[in-house]
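Colleague: protein_19.txt is the file, holding compact mmCIF, C-alpha atoms:
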```txt
# COMPACT_ATOMS: atom_id res chain seq x y z
CA MET A 1 0.00 0.00 0.00
CA LYS A 2 2.86 2.38 0.85
CA ILE A 3 4.50 1.67 -2.50
CA ARG A 4 1.29 2.42 -4.36
CA LEU A 5 0.87 5.69 -2.44
CA PHE A 6 4.49 6.62 -3.17
CA PHE A 7 4.11 6.07 -6.90
CA CYS A 8 0.81 7.96 -6.96
CA CYS A 9 2.62 10.93 -5.37
CA VAL A 10 5.39 10.71 -7.95
CA LEU A 11 2.84 10.52 -10.74
CA LEU A 12 1.03 13.59 -9.42
CA LEU A 13 4.34 15.42 -9.19
CA ALA A 14 5.20 14.43 -12.75
CA LEU A 15 1.87 15.53 -14.15
CA SER A 16 1.53 18.73 -12.13
CA ARG A 17 4.59 20.57 -13.41
CA PRO A 18 6.35 21.04 -16.71
CA ALA A 19 8.73 18.28 -17.70
CA PHE A 20 11.74 20.59 -17.78
CA SER A 21 12.66 23.72 -15.95
CA PRO A 22 13.76 26.79 -17.94
CA ALA A 23 17.39 25.80 -17.36
CA GLN A 24 16.78 22.52 -19.16
CA GLU A 25 15.13 24.15 -22.13
CA SER A 26 18.63 25.09 -23.27
CA CYS A 27 19.41 21.37 -23.66
CA SER A 28 18.96 19.99 -27.12
CA ALA A 29 15.64 18.43 -28.11
CA ILE A 30 15.01 14.86 -27.10
CA PRO A 31 16.04 12.65 -30.05
CA PRO A 32 14.14 9.55 -31.17
CA GLY A 33 14.70 6.65 -28.82
CA ALA A 34 15.41 8.87 -25.80
CA TRP A 35 12.72 9.59 -23.23
CA GLU A 36 12.18 11.66 -20.13
CA GLY A 37 11.32 10.40 -16.71
CA VAL A 38 11.51 11.00 -12.99
CA VAL A 39 14.08 9.09 -10.93
CA VAL A 40 11.97 7.55 -8.15
CA SER A 41 14.66 5.50 -6.43
CA VAL A 42 18.41 5.07 -6.45
CA LEU A 43 19.59 1.54 -5.82
CA ASP A 44 22.93 0.05 -4.94
CA GLY A 45 25.68 -0.16 -7.56
CA GLY A 46 24.44 2.51 -9.96
CA ARG A 47 20.90 1.27 -10.61
CA LEU A 48 17.98 3.67 -10.90
CA ASP A 49 14.22 3.23 -11.03
CA VAL A 50 12.94 5.77 -13.55
CA PHE A 51 9.26 6.48 -14.09
CA GLN A 52 8.70 7.26 -17.77
CA VAL A 53 6.22 10.14 -17.62
CA LYS A 54 5.30 11.28 -21.12
CA THR A 55 4.10 8.25 -23.03
CA THR A 56 3.93 4.78 -21.53
CA LYS A 57 3.97 5.71 -17.84
CA ILE A 58 6.12 2.68 -17.07
CA LEU A 59 8.64 2.19 -14.29
CA ARG A 60 12.00 1.10 -15.66
CA ASN A 61 14.92 -0.25 -13.69
CA MET A 62 18.16 0.78 -15.40
CA ARG A 63 21.87 0.70 -14.72
CA ILE A 64 24.04 3.74 -15.38
CA ALA A 65 25.84 2.96 -18.66
CA GLU A 66 29.57 3.24 -19.32
CA VAL A 67 30.64 3.42 -15.68
CA GLU A 68 31.01 1.07 -12.74
CA VAL A 69 29.72 2.42 -9.44
CA PRO A 70 30.89 0.78 -6.20
CA GLU A 71 28.22 -1.04 -4.23
CA GLU A 72 27.36 -0.29 -0.62
CA GLY A 73 29.82 -1.87 1.76
CA ARG A 74 32.74 -1.22 -0.60
CA LEU A 75 35.03 1.78 -0.56
CA GLY A 76 33.09 4.76 -1.93
CA GLY A 77 29.79 2.86 -2.16
CA GLU A 78 27.85 4.90 0.38
CA GLU A 79 29.28 8.17 -0.97
CA ALA A 80 28.37 7.22 -4.55
CA LEU A 81 24.82 6.30 -3.54
CA SER A 82 24.41 9.57 -1.64
CA TYR A 83 25.87 11.63 -4.50
CA ILE A 84 23.62 10.02 -7.12
CA LYS A 85 20.59 10.72 -4.89
CA LYS A 86 21.67 14.34 -4.55
CA LEU A 87 22.02 14.73 -8.32
CA CYS A 88 18.86 13.06 -9.57
CA LEU A 89 16.46 11.59 -7.01
CA TYR A 90 12.90 12.90 -7.61
CA LYS A 91 14.16 14.96 -10.54
CA TYR A 92 13.46 14.84 -14.24
CA VAL A 93 16.12 13.26 -16.43
CA VAL A 94 16.44 12.47 -20.10
CA VAL A 95 17.35 8.83 -20.64
CA TYR A 96 19.32 7.59 -23.63
CA PRO A 97 18.82 3.82 -23.44
CA ARG A 98 21.88 1.75 -24.26
CA SER A 99 20.90 -1.83 -23.62
CA VAL A 100 22.09 -5.06 -25.06
CA ASP A 101 18.54 -6.36 -25.04
CA ARG A 102 15.30 -4.44 -25.24
CA PRO A 103 14.68 -2.77 -21.85
CA VAL A 104 12.26 -4.70 -19.70
CA GLU A 105 9.14 -2.67 -19.06
CA ARG A 106 7.15 -3.25 -15.91
CA SER A 107 3.91 -1.86 -14.61
CA ILE A 108 4.04 0.12 -11.38
CA GLU A 109 2.28 -2.62 -9.46
CA ILE A 110 4.91 -5.25 -10.22
CA SER A 111 8.23 -5.19 -8.41
CA VAL A 112 11.17 -4.39 -10.65
CA GLU A 113 13.87 -7.00 -11.05
CA LYS A 114 17.41 -5.81 -10.42
CA ASN A 115 19.19 -7.25 -13.46
CA ASP A 116 17.05 -6.69 -16.52
CA GLY A 117 19.90 -5.74 -18.85
CA ALA A 118 18.80 -2.14 -19.47
CA THR A 119 21.45 0.55 -19.29
CA GLY A 120 21.32 4.19 -20.16
CA ARG A 121 22.99 7.56 -20.21
CA PHE A 122 21.23 10.07 -17.96
CA VAL A 123 21.06 13.79 -18.70
CA LEU A 124 20.50 15.69 -15.46
CA PRO A 125 18.34 18.82 -15.00
CA ASP A 126 21.39 21.07 -15.51
CA CYS A 127 22.15 19.33 -18.86
CA SER A 128 25.19 17.48 -17.50
CA LEU A 129 25.64 13.71 -17.78
CA LEU A 130 25.36 11.62 -14.62
CA GLN A 131 28.22 9.40 -15.82
CA GLU A 132 30.56 12.37 -16.19
CA GLU A 133 29.64 13.84 -12.81
CA LEU A 134 30.42 10.55 -11.06
CA LEU A 135 33.78 10.22 -12.80
CA LYS A 136 34.77 13.83 -12.03
CA VAL A 137 34.45 13.29 -8.27
CA GLY A 138 36.04 9.84 -8.37
CA LEU A 139 32.92 7.90 -7.36
CA ALA A 140 32.94 5.63 -10.41
CA ARG A 141 35.30 4.24 -12.98
CA CYS A 142 34.89 3.57 -16.66
CA ASP A 143 33.22 0.29 -17.50
CA LYS A 144 35.73 -2.15 -18.95
CA THR A 145 33.47 -2.75 -21.95
CA SER A 146 33.22 0.94 -22.93
CA THR A 147 36.88 1.88 -23.11
CA GLY A 148 36.36 3.59 -26.48
CA ASN A 149 34.98 6.75 -24.87
CA THR A 150 38.15 8.80 -24.46
CA HIS A 151 36.34 11.67 -22.75
CA LEU A 152 35.11 9.43 -19.93
CA LEU A 153 38.53 7.79 -19.66
CA SER A 154 40.16 11.22 -19.31
CA LEU A 155 37.73 12.15 -16.50
CA GLU A 156 38.62 8.92 -14.71
CA GLN A 157 42.33 9.64 -15.12
CA GLN A 158 41.91 13.17 -13.74
CA ALA A 159 40.21 11.77 -10.62
CA GLN A 160 43.07 9.27 -10.27
CA LYS A 161 45.63 12.04 -10.62
CA LEU A 162 43.88 14.10 -7.94
CA ASN A 163 43.52 11.04 -5.67
CA ILE A 164 39.84 11.69 -5.01
CA GLY A 165 36.92 9.38 -4.31
CA VAL A 166 37.75 5.72 -4.75
CA TRP A 167 41.17 6.68 -6.10
CA ALA A 168 42.33 8.23 -2.82
CA GLY A 169 45.69 6.63 -2.10
CA SER A 170 45.67 4.59 -5.33
CA ALA A 171 49.06 3.68 -6.74
CA ALA A 172 47.75 3.21 -10.28
CA SER A 173 49.24 5.54 -12.83
CA PRO A 174 46.56 7.35 -14.86
CA SER A 175 48.84 7.67 -17.86
CA SER A 176 49.53 3.96 -18.04
CA GLY A 177 45.86 3.09 -17.80
CA ALA A 178 46.73 0.45 -15.20
CA ARG A 179 44.29 -0.01 -12.35
CA LYS A 180 45.31 -1.12 -8.92
CA PRO A 181 43.42 -4.35 -8.18
CA THR A 182 41.53 -3.23 -5.10
CA GLY A 183 38.24 -5.10 -5.27
CA LEU A 184 36.41 -1.79 -5.03
CA PHE A 185 33.83 -2.56 -7.69
```
Render the structure in this file as structure tokens.
Modeller:
Amino acid sequence: MKIRLFFCCVLLLALSRPAFSPAQESCSAIPPGAWEGVVVSVLDGGRLDVFQVKTTKILRNMRIAEVEVPEEGRLGGEEALSYIKKLCLYKYVVVYPRSVDRPVERSIEISVEKNDGATGRFVLPDCSLLQEELLKVGLARCDKTSTGNTHLLSLEQQAQKLNIGVWAGSAASPSSGARKPTGLF
């Protein structure tokens, strides 16, 4: 019952105000395939529940693409969870799905499974990318499978150089691309 009440409140919030604030109107138009939603919960390890507001009104459970976020109980896990909540919880985001399989869509009344294969890039209300913000403060590292994004790799290396976030005290050299095996992620 509490869950149903929570989602009804989120739905009312989503329908009672414009999808984007004036600051977001400067962002480019939403391209085909992307969609806007409200982040209704932030889960462990970089997973978000996003309520798609405009069309299908479906709750989607997605992982943040291109980065690895430490889970709770690991170094930086609680800080990463708190930072992600600060950036996007109960806020509108634009989602660029990047999934291997078609994202699993679920109705609000059904619990969302944790590993449904859906990943996405998240544009925050200030037009920044969630992935980039996490890398800048050292609370994530580039996903091993997306090493082709040189911009994200350079943000990770800057955090390593500055010894911030999970890289505090790391002996890995950013220029060599080597990572200290720490079991952080």
Colleague: Which residue out of A:Lys86, A:Arg74, A:Lys144, A:Arg121 has the minimum interatomic distance to Trp35 (chain A) when all atoms listed in the file are used?
Modeller: A:Arg121
Colleague: Using all atoms listed in the file, which of the listed residues (A:Leu81, A:Ala65, A:Val38, A:Cys127) sits closest to Arg141 (chain A)?
Modeller: A:Ala65
Colleague: Please provide as number ranges by chain all residues within 8 Å of Val166 (chain A), with the sequence filter that same-chain residues fewer than 4 positions apart are discarded (counting all atoms listed in the file).
Modeller: A: 75-76, 138-140, 184
Colleague: Could you please determine the separation between CA of Phe51 (chain A) and CA of Gly37 (chain A) in Å, to one decimal place?
Modeller: 5.1 Å
Colleague: Can you tell me which residues surround Pro70 (chain A) at a distance of at most 12 Å, considering all atoms listed in the file, apart from same-chain residues fewer than 2 positions away, and format the answer as a PyMOL selection string?
Modeller: chain A and resi 43-47+64+67-68+72-82+84+134-135+138-143+165-167+182-185
Colleague: Put those residues in a file: C-alpha atoms, as a PDB file, keeping the file's coordinate frame.
Modeller:
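Output file again_23.pdb follows:
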```
ATOM      1  CA  LEU A  43      19.590   1.540  -5.820  1.00  0.00           C
ATOM      2  CA  ASP A  44      22.930   0.050  -4.940  1.00  0.00           C
ATOM      3  CA  GLY A  45      25.680  -0.160  -7.560  1.00  0.00           C
ATOM      4  CA  GLY A  46      24.440   2.510  -9.960  1.00  0.00           C
ATOM      5  CA  ARG A  47      20.900   1.270 -10.610  1.00  0.00           C
ATOM      6  CA  ILE A  64      24.040   3.740 -15.380  1.00  0.00           C
ATOM      7  CA  VAL A  67      30.640   3.420 -15.680  1.00  0.00           C
ATOM      8  CA  GLU A  68      31.010   1.070 -12.740  1.00  0.00           C
ATOM      9  CA  GLU A  72      27.360  -0.290  -0.620  1.00  0.00           C
ATOM     10  CA  GLY A  73      29.820  -1.870   1.760  1.00  0.00           C
ATOM     11  CA  ARG A  74      32.740  -1.220  -0.600  1.00  0.00           C
ATOM     12  CA  LEU A  75      35.030   1.780  -0.560  1.00  0.00           C
ATOM     13  CA  GLY A  76      33.090   4.760  -1.930  1.00  0.00           C
ATOM     14  CA  GLY A  77      29.790   2.860  -2.160  1.00  0.00           C
ATOM     15  CA  GLU A  78      27.850   4.900   0.380  1.00  0.00           C
ATOM     16  CA  GLU A  79      29.280   8.170  -0.970  1.00  0.00           C
ATOM     17  CA  ALA A  80      28.370   7.220  -4.550  1.00  0.00           C
ATOM     18  CA  LEU A  81      24.820   6.300  -3.540  1.00  0.00           C
ATOM     19  CA  SER A  82      24.410   9.570  -1.640  1.00  0.00           C
ATOM     20  CA  ILE A  84      23.620  10.020  -7.120  1.00  0.00           C
ATOM     21  CA  LEU A 134      30.420  10.550 -11.060  1.00  0.00           C
ATOM     22  CA  LEU A 135      33.780  10.220 -12.800  1.00  0.00           C
ATOM     23  CA  GLY A 138      36.040   9.840  -8.370  1.00  0.00           C
ATOM     24  CA  LEU A 139      32.920   7.900  -7.360  1.00  0.00           C
ATOM     25  CA  ALA A 140      32.940   5.630 -10.410  1.00  0.00           C
ATOM     26  CA  ARG A 141      35.300   4.240 -12.980  1.00  0.00           C
ATOM     27  CA  CYS A 142      34.890   3.570 -16.660  1.00  0.00           C
ATOM     28  CA  ASP A 143      33.220   0.290 -17.500  1.00  0.00           C
ATOM     29  CA  GLY A 165      36.920   9.380  -4.310  1.00  0.00           C
ATOM     30  CA  VAL A 166      37.750   5.720  -4.750  1.00  0.00           C
ATOM     31  CA  TRP A 167      41.170   6.680  -6.100  1.00  0.00           C
ATOM     32  CA  THR A 182      41.530  -3.230  -5.100  1.00  0.00           C
ATOM     33  CA  GLY A 183      38.240  -5.100  -5.270  1.00  0.00           C
ATOM     34  CA  LEU A 184      36.410  -1.790  -5.030  1.00  0.00           C
ATOM     35  CA  PHE A 185      33.830  -2.560  -7.690  1.00  0.00           C
TER      36      PHE A 185
END
```
Colleague: Can you tell me how far CA of Lys91 (chain A) sits from CA of His151 (chain A), in Å to one decimal?
Modeller: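 For CA of Lys91 (chain A) relative to CA of His151 (chain A), the distance reads 25.5 Å.
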Colleague: Rank A:Glu36, A:Ala168, A:Ala159, A:Glu71 by their smallest atom-to-atom distance to Lys57 (chain A), using only C-alpha atoms, and report the top residue only.
Modeller: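 Of A:Glu36, A:Ala168, A:Ala159, A:Glu71, the one nearest Lys57 (chain A), counting only C-alpha atoms, is A:Glu36.
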Colleague: Between CA of Tyr90 (chain A) and CA of Leu124 (chain A), what is the distance in Å, rounded to a tenth?
Modeller: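 Between these atoms lies a distance of 11.3 Å.
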Colleague: Using only C-alpha atoms, find the one residue out of A:Arg98, A:Tyr92, A:Lys161, A:Leu155 that sits nearest to Asp126 (chain A).
Modeller: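 With only C-alpha atoms as the atom set, the closest residue is A:Tyr92.
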Colleague: Might you pull out every residue within 8 Å of Ala34 (chain A), with all atoms listed in the file counted and same-chain residues fewer than 5 positions away left off, and present them as a VMD selection string?
Modeller: chain A and resid 94 to 97
Colleague: Give the answer as one residue: which of A:Arg60, A:Gly148, A:Lys136, A:Ser41 has the shortest atom-to-atom distance to Leu162 (chain A), using only C-alpha atoms?
Modeller: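 Counting only C-alpha atoms, the residue closest to Leu162 (chain A) is A:Lys136.
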Colleague: Determine the nearest neighbour of Leu87 (chain A) from the options A:Ser128, A:Thr56, A:Gln157, A:Thr150, counting all atoms listed in the file.
Modeller: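 Among the listed residues, A:Ser128 lies closest to Leu87 (chain A).
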